[in-house]
Amino acid sequence: MPHQLTDKIAIVTGAARGIGAATAVELARQGAHVLVNDILAPDETLRTIADMHGSAEAAIADVTDRLAVQQLVQNAVEQHGHIDILVTNAAYSDRELFYQANLVGFEKTIDVCMWGPFNFLHSVTRAMIEQKRGGSVVCISSPHAFKAIPGAMAYNMAKAAVDQMARTAACELAEHRIRVNIVHPGWTDTAGERKFFRDEELQEKGGQLPWGRLARPDEIARGVAFLCDPASDYINGSTLSIDGGALLPHEQMFRVKDRP
């Protein structure tokens, strides 16, 4: 694959595993130097990138700690001279009915999933404006932004806020040639899903989707990289759904795997 992102500096949050890790790997594959952010050292992601001779470094910070995020961004600019790409991906979620919820977990979900993206968006885009070289932001959101999934009120609320945040930012940053887009992954096979489902449940429920399976993290990552590509310059304020048709009206009898 051509290195569309050569000489780009990218930050990916929540990149120790899952969609974040796959996105960091894909951006590095396409030539970017990736700051791999997570609350813990993302050793596996860094090893994967090193094994393919990509360029990356750990950028440890809690996305909910605004001062830590500001320091991370300042250090990145001082070390590399610029930041070109931001992918906000870090997430947390508990599943329980809101009126029975442990509000500590409820508030943590809001902090990580709403304030976390905002903290990075605020700090990184200020640096991008100062640089005067444009940039690209991709916010990993979710169909939870518009689907009222029972037991996930805090996550639903946070993702709805992220969508509005991203679209508003796209309007406000257009004059600075900073693009802001959204990705809605479909149900994706990640370690995080095993907090709520057993492997056999994921296999069974994935088989009921139109495409007959869950998404893989690398499939989401390729969509993110497409939006970050400078060749996608005219895509701004858009939402890319990568869900195997899960939002289409469908019945189990019409699954792809059942067709001739």
# chains A, B, ... in the order shown; residues from 1 in each chain; ligands from 1
call {"tool": "select_by_dssp", "arguments": {"residues": "segment 26-246 of chain A", "states": "strand (DSSP E)", "output": "PyMOL selection string"}}
result
chain A and resi 33-38+55-60+85-88+135-140+178-185+239-242
call {"tool": "residues_around", "arguments": {"residues": "segment 176-189 of chain A", "least_positions_apart": "3", "cutoff": "8 Å", "atoms": "only C-alpha atoms", "output": "number ranges by chain"}}
result
A: 125, 128-129, 132-143, 163, 166-167, 169-170, 173, 193, 202, 206, 214-217, 220, 223-224, 227, 233, 235-244, 246
call {"tool": "residues_around", "arguments": {"residues": "segment 15-19 of chain A", "least_positions_apart": "3", "cutoff": "9 Å", "atoms": "only C-alpha atoms", "output": "ChimeraX atom specification"}}
result
/A:12,22-24,36-46,89-90,140,188-192,216-221
call {"tool": "residues_around", "arguments": {"residues": "Ala145 of chain A", "least_positions_apart": "2", "cutoff": "10 Å", "atoms": "only C-alpha atoms", "output": "list in words"}}
result
Ser141, Ser142, Pro143, Lys147, Ala148, Ile149, Tyr155, Asn156, Met157, Ala158, Lys159, Ala160, Ala161, Val162, Asp163, Gln164 and His184 of chain A
call {"tool": "closest_residue", "arguments": {"among": "A:Phe106, A:Tyr92, A:Tyr99, A:Phe118", "to": "Val69 of chain A", "atoms": "only C-alpha atoms"}}
result
A:Phe118
call {"tool": "select_by_dssp", "arguments": {"residues": "segment 20-259 of chain A", "states": "alpha helix (DSSP H)", "output": "MDAnalysis selection string"}}
result
chainID A and resid 20:29 43:51 66:80 103:110 116:131 153:173 199:206 217:228
call {"tool": "closest_residue", "arguments": {"among": "A:Tyr234, A:Thr168, A:Ser123, A:Gln208", "to": "Gln70 of chain A", "atoms": "only C-alpha atoms"}}
result
A:Ser123
call {"tool": "decode", "arguments": {"residues": "segment 132-150 of chain A", "atoms": "N, CA and C atoms", "output": "compact mmCIF listing (two decimals), in the first residue's frame"}}
result
# COMPACT_ATOMS: atom_id res chain seq x y z
N LYS A 132 -0.94 26.21 11.39
CA LYS A 132 -1.38 26.71 10.09
C LYS A 132 -1.07 25.72 8.95
N ARG A 133 -1.26 24.44 9.22
CA ARG A 133 -1.05 23.43 8.18
C ARG A 133 -2.24 22.47 8.08
N GLY A 134 -3.37 22.87 8.67
CA GLY A 134 -4.56 22.04 8.60
C GLY A 134 -4.43 20.80 9.46
N GLY A 135 -5.31 19.85 9.20
CA GLY A 135 -5.27 18.62 9.95
C GLY A 135 -6.54 17.81 9.77
N SER A 136 -6.54 16.63 10.35
CA SER A 136 -7.69 15.73 10.24
C SER A 136 -7.98 15.12 11.60
N VAL A 137 -9.25 15.18 11.99
CA VAL A 137 -9.71 14.56 13.24
C VAL A 137 -10.78 13.54 12.89
N VAL A 138 -10.69 12.36 13.48
CA VAL A 138 -11.75 11.35 13.34
C VAL A 138 -12.19 10.95 14.74
N CYS A 139 -13.46 11.10 15.01
CA CYS A 139 -14.04 10.72 16.30
C CYS A 139 -14.73 9.37 16.15
N ILE A 140 -14.25 8.38 16.88
CA ILE A 140 -14.92 7.08 16.86
C ILE A 140 -16.15 7.19 17.76
N SER A 141 -17.30 7.17 17.16
CA SER A 141 -18.56 7.27 17.90
C SER A 141 -19.26 5.92 17.84
N SER A 142 -20.56 5.90 17.67
CA SER A 142 -21.29 4.64 17.72
C SER A 142 -22.73 4.86 17.28
N PRO A 143 -23.38 3.81 16.76
CA PRO A 143 -24.83 3.90 16.54
C PRO A 143 -25.60 4.17 17.83
N HIS A 144 -24.96 3.97 18.99
CA HIS A 144 -25.58 4.35 20.26
C HIS A 144 -25.90 5.83 20.30
N ALA A 145 -25.28 6.61 19.42
CA ALA A 145 -25.55 8.05 19.37
C ALA A 145 -27.00 8.34 18.99
N PHE A 146 -27.63 7.42 18.27
CA PHE A 146 -29.02 7.66 17.86
C PHE A 146 -29.94 6.48 18.15
N LYS A 147 -29.40 5.36 18.64
CA LYS A 147 -30.23 4.23 19.02
C LYS A 147 -30.28 4.16 20.54
N ALA A 148 -31.47 4.14 21.08
CA ALA A 148 -31.64 4.11 22.54
C ALA A 148 -31.49 2.67 23.03
N ILE A 149 -30.25 2.24 23.22
CA ILE A 149 -29.99 0.87 23.66
C ILE A 149 -30.24 0.77 25.15
N PRO A 150 -31.20 -0.05 25.60
CA PRO A 150 -31.48 -0.17 27.04
C PRO A 150 -30.26 -0.67 27.80
